[in-house]
Each structure stands twice: as C-alpha cells, then as structure tokens.
Amino acid sequence: MQRLTAITALLALAGLALGTGAVAADKYPSKPVKIVVGFQAGGPTDVVARLVAKALQDELKGAFVVENKPGATSNIASETVAAAQPDGYTLLLAAAPLTMNKFVFPKQKFDPLKSFEPVSKISSAPGVLAVSPKMPVKTYKEFEELAKKKPNALSYGTTGAGGTQHMATLRLEQLTGIDMLHVPYSGGSGVLNDLIAGVVDSAFMTSTGAMPNLQAGKVIPLAIAGPVRLPGLPNVPTFAELGLPGMVSDSWNGLLAPAGTPQPVIDQLAKAIAKAVQSKEFKDALIPQGAVLIGNSPGEFKSQLQAEVSHWSEQFKKVKLD
C-alpha cells in the first residue's frame, strides 16, 4: 500500500512538471527576445534577421529585437549566444561561417554542434563572382585569363579568413590554378563598397545582399556558384556552364538557440519559421535576390550542420589560410 502511494505521488509530481513545462511554453515569449547577428546592419544576414524578427513577433505575439555584433567572422555573436541563458530569450541568426570557424579559430569558446540547439535553416543563396567595373574584363573567361597572366596581382575581398567568401575563392584557385591577393574586411558592406570603388578587384558576393548593385552594373557579375542561373541575373552563367561544376558556394542563414533551451520553445520557433518562409513577405523580399527558402525542422537542420562540419574538416586540410 505504501509503495502504491509512493508511485502515485511520483506520477503526480511528473504530471505537475509536465504541466508546468507546457504552461511555460504556452507563455513564451513573456519578455523581449534578442536575435543576435554576427554581421553589420544592412548586410544579407541582417536583412534575413529582420524579416525573421517581424515574422516571429507577428506569429508569437511578443517582442523580437535584432542586435548586431559583427566581428571575427561572426564568432563574437556566436560566443555571446552560446554563453547566454538557455531560456529562448537569446537567439542566433547564424550564417555559413558557423560550421567553418572552428577550423579558423581553434581557441573559440563554443562548438558549432554542442553549444546550440538548431531551430531551422531559413534560406540559402549562391555566391556570385563579381569584379569591379574598373577591371578590364566583362566575362569570366577574360577574368581567369588575366589572373593567370598576373599571378598574385589581382585582389579579392572577403568578410574574413576562413569565411564563405574566402573559402569560395580558395576553391576557385584550386580548380583553376590562379593565384590572387586576399584582402579581408570586417563585413560585407566594406567588401561591396571597395569593390565598387575599385580598391579591390573581385569578390564572391552573396546574391541576397548584392543583387541591386549587380543588376545596376555597379559591380560586374561574372558567374554563379550555384546549380542554376538566378532570375535576377538571367544572362550570368553558372560555373557549371563554364566548365567548373565543382565551383559551388552556398551562403545560408539559420536560427539557433543556446544548448539546453527547452524543446517546446524550439518547436514553437521552428513552427513559426516554417510558416514565415511561405509568406508573401519572405518570398517577395528574398526570392528575387536569388535565395531559396527552406524552413526545415530542428532535426533536419541539425543533420545538415553535422554534415557541413565534417565537410569543412576535410576541406581545411587542403588549404592554407592567409
């Protein structure tokens, strides 16, 4: 009898705990939620972050505020979120460098897999190789020929060593045998401004951030590092069309929370993201820029992050960072 009473009490406590968790999830968010971005305001990741903040605010009926913490190829933002309370009130709007940075900054204070709870991969976009309008080239073929004639003379801008733009250019160098001078910046806007001005000769641009300048001819697009031509740049060929099918660069954005964040909160956020990427607002803002909208599940996003970390582990063994 006493044993039965004890079991009943334990079951009651378990039910109370489950009920408390459900109530807590139902009330989320009960205070402002901070979405931390590792890049400058106005850049492609920031644009996605602000769309996400508005969508989550509308869907979950709470305040979502974007906070920009650029630096160290987004590591400052990642470290901030990894160290935050795992309560769902500090989130990370991450980009592709998240899975690369551990190989660039071996002393970083977080792990891309262990320090976060994946919520959803929001979008991806191909890189676009572009050159300054002051360059004497109009096609990719002319660019490659010039680069081969002048080893280490042409420059390329990136958002930092080991980042998406840098790895894309190193991959291009591997495939073609060209050799160029690396010029790192703290953010995408710096790369774009100096490319327009001719301070640097070339750069892999994220299509979602640079499309207006690419379309206006302020920088000259030469090739798309994705599977198909972009609707906004129908006359620009893919690298595959140019005989370089291995030249692929994907700039993605996804939402993550600190490790240990309650699963009901993760599920609420993921459900809201899945709905948001189907909205007219997201489609109108991102698809014309060359983005592919995703909005997958936490489990699917986690598997993709694991695969990317494994991929970059192998890739970084083949290149020398400068």
# chains A, B, ... in the order shown; residues from 1 in each chain; ligands from 1
call {"tool": "residues_around", "arguments": {"residues": "Ala291 (chain A)", "least_positions_apart": "4", "cutoff": "9 Å", "atoms": "only C-alpha atoms", "output": "list in words"}}
result
Ser123, Ser124, Ala125, Pro126, Ser207, Thr208, Leu230, Trp252, Lys283, Leu286 and Ile287 of chain A
call {"tool": "write_last_selection", "arguments": {"atoms": "N, CA, C and O atoms", "output": "PDB file, in the first residue's frame"}}
result
ATOM      1  N   SER A 123      17.112  29.975 -45.117  1.00  0.00           N
ATOM      2  CA  SER A 123      17.310  30.201 -46.549  1.00  0.00           C
ATOM      3  C   SER A 123      18.743  29.911 -46.937  1.00  0.00           C
ATOM      4  O   SER A 123      19.630  29.807 -46.079  1.00  0.00           O
ATOM      5  N   SER A 124      18.969  29.777 -48.216  1.00  0.00           N
ATOM      6  CA  SER A 124      20.329  29.675 -48.740  1.00  0.00           C
ATOM      7  C   SER A 124      20.406  30.467 -50.030  1.00  0.00           C
ATOM      8  O   SER A 124      19.383  30.727 -50.675  1.00  0.00           O
ATOM      9  N   ALA A 125      21.598  30.869 -50.394  1.00  0.00           N
ATOM     10  CA  ALA A 125      21.779  31.667 -51.612  1.00  0.00           C
ATOM     11  C   ALA A 125      23.170  31.405 -52.182  1.00  0.00           C
ATOM     12  O   ALA A 125      24.144  31.287 -51.423  1.00  0.00           O
ATOM     13  N   PRO A 126      23.303  31.302 -53.494  1.00  0.00           N
ATOM     14  CA  PRO A 126      24.612  31.044 -54.090  1.00  0.00           C
ATOM     15  C   PRO A 126      25.498  32.277 -54.080  1.00  0.00           C
ATOM     16  O   PRO A 126      25.008  33.410 -54.068  1.00  0.00           O
ATOM     17  N   SER A 207      24.317  36.667 -53.143  1.00  0.00           N
ATOM     18  CA  SER A 207      23.313  37.208 -54.068  1.00  0.00           C
ATOM     19  C   SER A 207      22.230  37.998 -53.340  1.00  0.00           C
ATOM     20  O   SER A 207      21.763  39.025 -53.833  1.00  0.00           O
ATOM     21  N   THR A 208      21.836  37.550 -52.141  1.00  0.00           N
ATOM     22  CA  THR A 208      20.756  38.233 -51.426  1.00  0.00           C
ATOM     23  C   THR A 208      21.158  39.614 -50.922  1.00  0.00           C
ATOM     24  O   THR A 208      20.299  40.439 -50.639  1.00  0.00           O
ATOM     25  N   LEU A 230      20.290  32.712 -61.838  1.00  0.00           N
ATOM     26  CA  LEU A 230      19.379  33.418 -60.954  1.00  0.00           C
ATOM     27  C   LEU A 230      18.366  34.224 -61.761  1.00  0.00           C
ATOM     28  O   LEU A 230      18.724  34.839 -62.769  1.00  0.00           O
ATOM     29  N   TRP A 252      24.091  30.338 -46.393  1.00  0.00           N
ATOM     30  CA  TRP A 252      22.805  30.058 -45.772  1.00  0.00           C
ATOM     31  C   TRP A 252      22.623  30.883 -44.501  1.00  0.00           C
ATOM     32  O   TRP A 252      23.578  31.412 -43.936  1.00  0.00           O
ATOM     33  N   LYS A 283       8.856  35.713 -49.527  1.00  0.00           N
ATOM     34  CA  LYS A 283       9.075  35.391 -50.938  1.00  0.00           C
ATOM     35  C   LYS A 283       9.409  36.638 -51.751  1.00  0.00           C
ATOM     36  O   LYS A 283      10.335  36.620 -52.582  1.00  0.00           O
ATOM     37  N   LEU A 286      13.110  37.906 -50.684  1.00  0.00           N
ATOM     38  CA  LEU A 286      14.311  37.086 -50.835  1.00  0.00           C
ATOM     39  C   LEU A 286      14.420  36.324 -52.152  1.00  0.00           C
ATOM     40  O   LEU A 286      15.519  36.196 -52.698  1.00  0.00           O
ATOM     41  N   ILE A 287      13.328  35.823 -52.693  1.00  0.00           N
ATOM     42  CA  ILE A 287      13.426  35.030 -53.920  1.00  0.00           C
ATOM     43  C   ILE A 287      13.965  35.844 -55.097  1.00  0.00           C
ATOM     44  O   ILE A 287      14.827  35.360 -55.843  1.00  0.00           O
TER      45      ILE A 287
END
call {"tool": "select_by_dssp", "arguments": {"residues": "region 29-239 of chain A", "states": "strand (DSSP E or B)", "output": "VMD selection string"}}
result
chain A and resid 33 to 37 64 to 68 90 to 95 116 to 131 155 to 158 181 to 184 202 to 206 220 to 225 230 233 238
call {"tool": "closest_atom_pairs", "arguments": {"of": "region 104-157 of chain A", "to": "region 73-83 of chain A", "cutoff": "9 Å", "atoms": "only C-alpha atoms", "output": "JSON lines"}}
result
{"residue": "A:Phe105", "atom": "CA", "partner": "A:Asn75", "partner_atom": "CA", "distance": 8.8}
{"residue": "A:Gln108", "atom": "CA", "partner": "A:Asn75", "partner_atom": "CA", "distance": 7.6}
{"residue": "A:Lys109", "atom": "CA", "partner": "A:Glu79", "partner_atom": "CA", "distance": 6.2}
{"residue": "A:Phe110", "atom": "CA", "partner": "A:Glu79", "partner_atom": "CA", "distance": 6.1}
{"residue": "A:Asp111", "atom": "CA", "partner": "A:Ala82", "partner_atom": "CA", "distance": 8.5}
{"residue": "A:Pro112", "atom": "CA", "partner": "A:Ser78", "partner_atom": "CA", "distance": 8.6}
{"residue": "A:Ser115", "atom": "CA", "partner": "A:Ala82", "partner_atom": "CA", "distance": 5.5}
{"residue": "A:Phe116", "atom": "CA", "partner": "A:Ala82", "partner_atom": "CA", "distance": 6.5}
call {"tool": "write_last_selection", "arguments": {"atoms": "N, CA, C and O atoms", "output": "PDB file, in the first residue's frame"}}
result
ATOM      1  N   PHE A 105      39.506  29.439 -36.056  1.00  0.00           N
ATOM      2  CA  PHE A 105      39.761  29.927 -34.702  1.00  0.00           C
ATOM      3  C   PHE A 105      39.710  28.746 -33.725  1.00  0.00           C
ATOM      4  O   PHE A 105      38.695  28.541 -33.049  1.00  0.00           O
ATOM      5  N   GLN A 108      38.255  29.207 -30.193  1.00  0.00           N
ATOM      6  CA  GLN A 108      36.939  29.813 -29.991  1.00  0.00           C
ATOM      7  C   GLN A 108      36.238  29.150 -28.804  1.00  0.00           C
ATOM      8  O   GLN A 108      36.470  27.977 -28.491  1.00  0.00           O
ATOM      9  N   LYS A 109      35.356  29.920 -28.156  1.00  0.00           N
ATOM     10  CA  LYS A 109      34.765  29.486 -26.891  1.00  0.00           C
ATOM     11  C   LYS A 109      33.434  28.756 -27.059  1.00  0.00           C
ATOM     12  O   LYS A 109      32.628  28.703 -26.132  1.00  0.00           O
ATOM     13  N   PHE A 110      33.199  28.199 -28.216  1.00  0.00           N
ATOM     14  CA  PHE A 110      31.961  27.460 -28.440  1.00  0.00           C
ATOM     15  C   PHE A 110      32.196  26.399 -29.493  1.00  0.00           C
ATOM     16  O   PHE A 110      33.194  26.436 -30.228  1.00  0.00           O
ATOM     17  N   ASP A 111      31.299  25.446 -29.556  1.00  0.00           N
ATOM     18  CA  ASP A 111      31.340  24.405 -30.575  1.00  0.00           C
ATOM     19  C   ASP A 111      30.083  24.539 -31.430  1.00  0.00           C
ATOM     20  O   ASP A 111      28.987  24.688 -30.895  1.00  0.00           O
ATOM     21  N   PRO A 112      30.212  24.492 -32.763  1.00  0.00           N
ATOM     22  CA  PRO A 112      29.045  24.736 -33.616  1.00  0.00           C
ATOM     23  C   PRO A 112      27.939  23.700 -33.451  1.00  0.00           C
ATOM     24  O   PRO A 112      26.776  23.978 -33.772  1.00  0.00           O
ATOM     25  N   SER A 115      27.180  23.547 -28.728  1.00  0.00           N
ATOM     26  CA  SER A 115      26.806  24.767 -27.992  1.00  0.00           C
ATOM     27  C   SER A 115      25.424  25.306 -28.342  1.00  0.00           C
ATOM     28  O   SER A 115      24.966  26.257 -27.717  1.00  0.00           O
ATOM     29  N   PHE A 116      24.765  24.702 -29.339  1.00  0.00           N
ATOM     30  CA  PHE A 116      23.497  25.264 -29.811  1.00  0.00           C
ATOM     31  C   PHE A 116      22.431  24.197 -30.012  1.00  0.00           C
ATOM     32  O   PHE A 116      22.739  23.023 -30.238  1.00  0.00           O
TER      33      PHE A 116
END
call {"tool": "residues_around", "arguments": {"residues": "region 135-149 of chain A", "least_positions_apart": "3", "cutoff": "12 Å", "atoms": "only C-alpha atoms", "output": "CSV table (one decimal) with C-alpha atoms, in the first residue's frame"}}
result
chain,number,residue,atom,x,y,z
A,128,VAL,CA,28.2,35.4,-57.3
A,129,LEU,CA,31.8,36.1,-58.5
A,130,ALA,CA,31.9,39.8,-59.3
A,131,VAL,CA,34.5,42.3,-60.3
A,132,SER,CA,35.0,46.0,-60.1
A,152,ASN,CA,49.1,37.3,-57.1
A,153,ALA,CA,48.4,40.7,-58.7
A,154,LEU,CA,44.6,40.7,-58.7
A,155,SER,CA,43.0,41.2,-55.3
A,156,TYR,CA,39.8,39.7,-53.8
A,172,LEU,CA,38.3,28.7,-57.4
A,173,GLU,CA,42.1,29.0,-57.1
A,175,LEU,CA,40.2,24.4,-59.6
A,176,THR,CA,41.8,26.9,-62.0
A,177,GLY,CA,45.4,27.4,-60.8
A,178,ILE,CA,45.0,31.1,-60.4
A,179,ASP,CA,46.6,33.0,-57.5
A,180,MET,CA,45.2,36.2,-56.1
A,181,LEU,CA,45.8,38.6,-53.2
A,195,LEU,CA,34.7,46.6,-55.0
A,196,ILE,CA,32.5,49.4,-56.4
A,197,ALA,CA,35.4,51.9,-55.9
A,198,GLY,CA,38.0,49.6,-57.4
A,199,VAL,CA,40.0,49.3,-54.2
A,200,VAL,CA,39.7,45.5,-54.6
A,201,ASP,CA,39.4,43.8,-58.0
A,202,SER,CA,37.0,40.9,-57.2
A,203,ALA,CA,34.9,39.2,-54.6
A,217,GLY,CA,26.2,47.3,-63.0
A,218,LYS,CA,27.9,48.9,-60.0
A,219,VAL,CA,29.8,45.7,-59.8
A,220,ILE,CA,30.1,43.2,-62.7
A,221,PRO,CA,28.7,39.7,-62.1
A,222,LEU,CA,30.7,37.0,-64.0
A,223,ALA,CA,29.5,33.6,-62.7
A,224,ILE,CA,27.0,32.0,-60.3
A,235,ASN,CA,22.4,36.5,-68.5
A,236,VAL,CA,25.0,35.4,-66.0
A,237,PRO,CA,26.1,31.8,-66.4
A,238,THR,CA,26.8,29.3,-63.7
A,239,PHE,CA,30.3,28.0,-63.1
A,241,GLU,CA,28.1,26.1,-67.6
A,242,LEU,CA,31.6,27.5,-67.8
A,243,GLY,CA,33.2,24.0,-67.2
A,244,LEU,CA,33.7,24.2,-63.5
call {"tool": "residues_around", "arguments": {"residues": "Lys61 (chain A)", "least_positions_apart": "6", "cutoff": "10 Å", "atoms": "only C-alpha atoms", "output": "PyMOL selection string"}}
result
chain A and resi 28-30+55
call {"tool": "closest_residue", "arguments": {"among": "A:Gly88, A:Pro97, A:Pro227, A:Pro70", "to": "Ile35 (chain A)", "atoms": "only C-alpha atoms"}}
result
A:Gly88
call {"tool": "residues_around", "arguments": {"residues": "Gly254 (chain A)", "least_positions_apart": "2", "cutoff": "8 Å", "atoms": "only C-alpha atoms", "output": "PyMOL selection string"}}
result
chain A and resi 93-95+119-123+252+256
call {"tool": "write_last_selection", "arguments": {"atoms": "N, CA and C atoms", "output": "mmCIF file, in the first residue's frame"}}
result
data_model
loop_
_atom_site.group_PDB
_atom_site.id
_atom_site.type_symbol
_atom_site.label_atom_id
_atom_site.label_comp_id
_atom_site.auth_asym_id
_atom_site.auth_seq_id
_atom_site.Cartn_x
_atom_site.Cartn_y
_atom_site.Cartn_z
ATOM 1 N N LEU A 93 20.994 34.336 -35.212
ATOM 2 C CA LEU A 93 20.714 34.238 -36.642
ATOM 3 C C LEU A 93 22.061 33.966 -37.304
ATOM 4 N N ALA A 94 22.342 32.703 -37.538
ATOM 5 C CA ALA A 94 23.665 32.274 -37.983
ATOM 6 C C ALA A 94 23.777 32.244 -39.497
ATOM 7 N N ALA A 95 25.022 32.217 -39.957
ATOM 8 C CA ALA A 95 25.321 32.106 -41.376
ATOM 9 C C ALA A 95 26.344 30.991 -41.571
ATOM 10 N N VAL A 119 17.232 25.395 -34.651
ATOM 11 C CA VAL A 119 15.791 25.648 -34.764
ATOM 12 C C VAL A 119 15.326 25.375 -36.192
ATOM 13 N N SER A 120 15.906 26.105 -37.157
ATOM 14 C CA SER A 120 15.510 25.918 -38.558
ATOM 15 C C SER A 120 16.502 26.612 -39.482
ATOM 16 N N LYS A 121 16.794 25.967 -40.603
ATOM 17 C CA LYS A 121 17.537 26.621 -41.677
ATOM 18 C C LYS A 121 16.528 27.423 -42.472
ATOM 19 N N ILE A 122 16.755 28.712 -42.570
ATOM 20 C CA ILE A 122 15.757 29.616 -43.140
ATOM 21 C C ILE A 122 15.889 29.729 -44.656
ATOM 22 N N SER A 123 17.112 29.975 -45.117
ATOM 23 C CA SER A 123 17.310 30.201 -46.549
ATOM 24 C C SER A 123 18.743 29.911 -46.937
ATOM 25 N N TRP A 252 24.091 30.338 -46.393
ATOM 26 C CA TRP A 252 22.805 30.058 -45.772
ATOM 27 C C TRP A 252 22.623 30.883 -44.501
ATOM 28 N N LEU A 256 19.296 29.533 -34.395
ATOM 29 C CA LEU A 256 19.722 28.613 -33.350
ATOM 30 C C LEU A 256 19.506 29.238 -31.985
#
call {"tool": "atom_distance", "arguments": {"atom1": "CA of Ile273 (chain A)", "atom2": "CA of Leu255 (chain A)"}}
result
8.8 Å
call {"tool": "select_by_dssp", "arguments": {"residues": "region 155-252 of chain A", "states": "alpha helix (DSSP H)", "output": "CSV table (one decimal) with all heavy atoms, in the first residue's frame"}}
result
chain,number,residue,atom,x,y,z
A,164,THR,N,32.9,32.3,-45.8
A,164,THR,CA,32.3,31.8,-47.0
A,164,THR,C,33.0,32.3,-48.3
A,164,THR,O,33.3,31.6,-49.2
A,164,THR,CB,30.8,32.1,-47.1
A,164,THR,OG1,30.2,31.6,-45.8
A,164,THR,CG2,30.2,31.3,-48.2
A,165,GLN,N,33.2,33.6,-48.3
A,165,GLN,CA,33.8,34.3,-49.5
A,165,GLN,C,35.2,33.8,-49.7
A,165,GLN,O,35.7,33.5,-50.8
A,165,GLN,CB,33.7,35.8,-49.4
A,165,GLN,CG,32.3,36.4,-49.4
A,165,GLN,CD,32.3,37.8,-49.1
A,165,GLN,OE1,32.9,38.3,-48.1
A,165,GLN,NE2,31.6,38.6,-49.9
A,166,HIS,N,35.9,33.7,-48.6
A,166,HIS,CA,37.3,33.3,-48.6
A,166,HIS,C,37.5,31.9,-49.1
A,166,HIS,O,38.3,31.6,-50.0
A,166,HIS,CB,38.0,33.4,-47.3
A,166,HIS,CG,39.5,33.2,-47.3
A,166,HIS,ND1,40.2,32.8,-46.2
A,166,HIS,CD2,40.4,33.4,-48.3
A,166,HIS,CE1,41.5,32.7,-46.5
A,166,HIS,NE2,41.6,33.1,-47.7
A,167,MET,N,36.7,31.0,-48.6
A,167,MET,CA,36.7,29.6,-49.0
A,167,MET,C,36.3,29.4,-50.4
A,167,MET,O,36.8,28.5,-51.1
A,167,MET,CB,35.9,28.7,-48.0
A,167,MET,CG,36.4,28.7,-46.6
A,167,MET,SD,38.1,28.1,-46.5
A,167,MET,CE,38.0,26.4,-47.0
A,168,ALA,N,35.3,30.2,-50.9
A,168,ALA,CA,34.9,30.1,-52.3
A,168,ALA,C,36.0,30.5,-53.2
A,168,ALA,O,36.3,29.8,-54.2
A,168,ALA,CB,33.7,31.0,-52.5
A,169,THR,N,36.8,31.5,-52.8
A,169,THR,CA,37.9,32.0,-53.7
A,169,THR,C,39.0,31.0,-53.7
A,169,THR,O,39.6,30.7,-54.7
A,169,THR,CB,38.4,33.4,-53.3
A,169,THR,OG1,37.3,34.2,-53.1
A,169,THR,CG2,39.3,34.0,-54.4
A,170,LEU,N,39.3,30.4,-52.5
A,170,LEU,CA,40.4,29.4,-52.4
A,170,LEU,C,40.0,28.2,-53.3
A,170,LEU,O,40.8,27.6,-53.9
A,170,LEU,CB,40.6,29.0,-51.0
A,170,LEU,CG,41.2,30.0,-50.0
A,170,LEU,CD1,41.3,29.5,-48.6
A,170,LEU,CD2,42.6,30.5,-50.6
A,171,ARG,N,38.7,27.9,-53.3
A,171,ARG,CA,38.2,26.7,-54.1
A,171,ARG,C,38.4,27.1,-55.6
A,171,ARG,O,38.9,26.2,-56.4
A,171,ARG,CB,36.7,26.5,-53.8
A,171,ARG,CG,36.1,25.4,-54.7
A,171,ARG,CD,36.7,24.0,-54.4
A,171,ARG,NE,36.0,23.0,-55.0
A,171,ARG,CZ,36.6,21.8,-55.3
A,171,ARG,NH1,37.8,21.5,-55.0
A,171,ARG,NH2,35.9,20.8,-55.9
A,172,LEU,N,38.1,28.3,-56.0
A,172,LEU,CA,38.3,28.7,-57.4
A,172,LEU,C,39.8,28.6,-57.7
A,172,LEU,O,40.2,28.2,-58.8
A,172,LEU,CB,37.8,30.1,-57.6
A,172,LEU,CG,37.9,30.7,-59.0
A,172,LEU,CD1,37.0,29.8,-60.0
A,172,LEU,CD2,37.4,32.1,-59.1
A,173,GLU,N,40.7,29.0,-56.8
A,173,GLU,CA,42.1,29.0,-57.1
A,173,GLU,C,42.5,27.5,-57.3
A,173,GLU,O,43.4,27.2,-58.1
A,173,GLU,CB,42.9,29.6,-56.0
A,173,GLU,CG,42.7,31.2,-55.9
A,173,GLU,CD,43.5,31.8,-54.8
A,173,GLU,OE1,43.7,31.1,-53.8
A,173,GLU,OE2,44.0,33.0,-55.0
A,174,GLN,N,42.0,26.6,-56.4
A,174,GLN,CA,42.3,25.2,-56.5
A,174,GLN,C,41.9,24.6,-57.9
A,174,GLN,O,42.7,23.9,-58.5
A,174,GLN,CB,41.6,24.4,-55.4
A,174,GLN,CG,42.2,24.5,-54.1
A,174,GLN,CD,41.4,23.7,-53.0
A,174,GLN,OE1,40.2,23.4,-53.3
A,174,GLN,NE2,42.0,23.5,-51.9
A,175,LEU,N,40.8,25.0,-58.3
A,175,LEU,CA,40.2,24.4,-59.6
A,175,LEU,C,40.9,25.0,-60.8
A,175,LEU,O,40.9,24.3,-61.9
A,175,LEU,CB,38.7,24.7,-59.6
A,175,LEU,CG,37.8,23.9,-58.6
A,175,LEU,CD1,36.4,24.4,-58.7
A,175,LEU,CD2,37.9,22.4,-58.9
A,176,THR,N,41.3,26.2,-60.8
A,176,THR,CA,41.8,26.9,-62.0
A,176,THR,C,43.3,27.1,-62.0
A,176,THR,O,43.9,27.4,-63.1
A,176,THR,CB,41.1,28.2,-62.2
A,176,THR,OG1,41.5,29.1,-61.1
A,176,THR,CG2,39.6,28.0,-62.3
A,188,GLY,N,30.4,42.6,-45.0
A,188,GLY,CA,30.1,42.6,-46.4
A,188,GLY,C,30.0,43.9,-47.0
A,188,GLY,O,30.3,44.1,-48.2
A,189,SER,N,29.5,44.9,-46.3
A,189,SER,CA,29.3,46.3,-46.9
A,189,SER,C,30.7,46.9,-47.2
A,189,SER,O,30.8,47.6,-48.2
A,189,SER,CB,28.6,47.2,-45.9
A,189,SER,OG,29.2,47.3,-44.7
A,190,GLY,N,31.7,46.6,-46.4
A,190,GLY,CA,33.0,47.1,-46.7
A,190,GLY,C,33.6,46.5,-48.0
A,190,GLY,O,34.2,47.2,-48.8
A,191,VAL,N,33.3,45.2,-48.2
A,191,VAL,CA,33.8,44.5,-49.4
A,191,VAL,C,33.1,45.1,-50.6
A,191,VAL,O,33.7,45.5,-51.6
A,191,VAL,CB,33.5,43.0,-49.4
A,191,VAL,CG1,33.8,42.3,-50.7
A,191,VAL,CG2,34.2,42.3,-48.2
A,192,LEU,N,31.8,45.3,-50.5
A,192,LEU,CA,31.0,45.8,-51.6
A,192,LEU,C,31.4,47.2,-52.0
A,192,LEU,O,31.6,47.6,-53.2
A,192,LEU,CB,29.5,45.8,-51.3
A,192,LEU,CG,28.6,46.4,-52.3
A,192,LEU,CD1,28.7,45.6,-53.7
A,192,LEU,CD2,27.1,46.3,-51.8
A,193,ASN,N,31.6,48.1,-51.0
A,193,ASN,CA,31.9,49.5,-51.2
A,193,ASN,C,33.3,49.6,-51.9
A,193,ASN,O,33.5,50.4,-52.9
A,193,ASN,CB,31.9,50.3,-49.9
A,193,ASN,CG,30.6,50.5,-49.4
A,193,ASN,OD1,29.6,50.4,-50.1
A,193,ASN,ND2,30.5,50.7,-48.1
A,194,ASP,N,34.2,48.8,-51.5
A,194,ASP,CA,35.6,48.9,-52.1
A,194,ASP,C,35.6,48.2,-53.4
A,194,ASP,O,36.5,48.5,-54.3
A,194,ASP,CB,36.6,48.3,-51.1
A,194,ASP,CG,37.1,49.3,-50.1
A,194,ASP,OD1,36.5,50.4,-50.0
A,194,ASP,OD2,38.0,49.0,-49.3
A,195,LEU,N,34.8,47.2,-53.7
A,195,LEU,CA,34.7,46.6,-55.0
A,195,LEU,C,34.1,47.6,-56.0
A,195,LEU,O,34.6,47.7,-57.1
A,195,LEU,CB,33.8,45.4,-54.9
A,195,LEU,CG,33.7,44.5,-56.2
A,195,LEU,CD1,35.1,43.9,-56.5
A,195,LEU,CD2,32.7,43.4,-56.0
A,196,ILE,N,33.1,48.3,-55.6
A,196,ILE,CA,32.5,49.4,-56.4
A,196,ILE,C,33.6,50.4,-56.8
A,196,ILE,O,33.7,50.9,-57.9
A,196,ILE,CB,31.3,50.0,-55.8
A,196,ILE,CG1,30.1,49.0,-55.7
A,196,ILE,CG2,30.8,51.3,-56.5
A,196,ILE,CD1,29.0,49.5,-54.8
A,197,ALA,N,34.4,50.8,-55.7
A,197,ALA,CA,35.4,51.9,-55.9
A,197,ALA,C,36.6,51.4,-56.6
A,197,ALA,O,37.5,52.2,-57.0
A,197,ALA,CB,35.7,52.5,-54.6
A,207,SER,N,24.3,36.7,-53.1
A,207,SER,CA,23.3,37.2,-54.1
A,207,SER,C,22.2,38.0,-53.3
A,207,SER,O,21.8,39.0,-53.8
A,207,SER,CB,22.7,36.1,-54.9
A,207,SER,OG,22.1,35.1,-54.0
A,208,THR,N,21.8,37.6,-52.1
A,208,THR,CA,20.8,38.2,-51.4
A,208,THR,C,21.2,39.6,-50.9
A,208,THR,O,20.3,40.4,-50.6
A,208,THR,CB,20.3,37.4,-50.2
A,208,THR,OG1,21.4,37.0,-49.5
A,208,THR,CG2,19.5,36.2,-50.7
A,209,GLY,N,22.4,39.9,-50.8
A,209,GLY,CA,22.9,41.2,-50.3
A,209,GLY,C,23.3,42.1,-51.4
A,209,GLY,O,23.2,43.4,-51.3
A,210,ALA,N,23.8,41.6,-52.5
A,210,ALA,CA,24.4,42.4,-53.6
A,210,ALA,C,23.6,42.6,-54.8
A,210,ALA,O,24.0,43.3,-55.8
A,210,ALA,CB,25.8,41.8,-53.9
A,211,MET,N,22.4,41.9,-54.9
A,211,MET,CA,21.6,41.9,-56.2
A,211,MET,C,21.4,43.3,-56.8
A,211,MET,O,21.6,43.5,-58.0
A,211,MET,CB,20.3,41.2,-55.9
A,211,MET,CG,19.5,40.9,-57.2
A,211,MET,SD,20.4,39.9,-58.4
A,211,MET,CE,20.2,38.3,-57.7
A,212,PRO,N,20.9,44.3,-56.0
A,212,PRO,CA,20.7,45.6,-56.7
A,212,PRO,C,21.9,46.2,-57.3
A,212,PRO,O,21.9,46.7,-58.4
A,212,PRO,CB,20.2,46.5,-55.5
A,212,PRO,CG,19.7,45.5,-54.5
A,212,PRO,CD,20.5,44.3,-54.6
A,213,ASN,N,23.1,46.0,-56.7
A,213,ASN,CA,24.3,46.5,-57.3
A,213,ASN,C,24.8,45.7,-58.4
A,213,ASN,O,25.4,46.2,-59.4
A,213,ASN,CB,25.4,46.5,-56.2
A,213,ASN,CG,25.1,47.6,-55.1
A,213,ASN,OD1,25.2,48.8,-55.3
A,213,ASN,ND2,24.7,47.1,-53.9
A,214,LEU,N,24.5,44.4,-58.4
A,214,LEU,CA,24.9,43.5,-59.5
A,214,LEU,C,24.0,43.8,-60.7
A,214,LEU,O,24.5,43.9,-61.9
A,214,LEU,CB,24.7,42.0,-59.1
A,214,LEU,CG,25.6,41.5,-58.0
A,214,LEU,CD1,25.1,40.2,-57.5
A,214,LEU,CD2,27.0,41.3,-58.6
A,215,GLN,N,22.7,44.1,-60.5
A,215,GLN,CA,21.8,44.4,-61.6
A,215,GLN,C,22.0,45.7,-62.2
A,215,GLN,O,21.9,45.9,-63.4
A,215,GLN,CB,20.3,44.3,-61.1
A,215,GLN,CG,19.9,42.9,-60.7
A,215,GLN,CD,18.5,42.8,-60.1
A,215,GLN,OE1,18.2,43.7,-59.3
A,215,GLN,NE2,17.7,41.8,-60.5
A,216,ALA,N,22.5,46.7,-61.3
A,216,ALA,CA,22.7,48.0,-61.8
A,216,ALA,C,24.1,48.2,-62.5
A,216,ALA,O,24.3,49.3,-63.0
A,216,ALA,CB,22.6,49.0,-60.6
call {"tool": "closest_residue", "arguments": {"among": "A:Asn101, A:Gln57, A:Thr45, A:Thr261", "to": "Ser313 (chain A)", "atoms": "only C-alpha atoms"}}
result
A:Asn101
call {"tool": "atom_distance", "arguments": {"atom1": "CA of Thr158 (chain A)", "atom2": "CA of Pro106 (chain A)"}}
result
20.0 Å
call {"tool": "closest_residue", "arguments": {"among": "A:Ile294, A:Val66, A:Leu92, A:Val319", "to": "Phe282 (chain A)", "atoms": "only C-alpha atoms"}}
result
A:Ile294
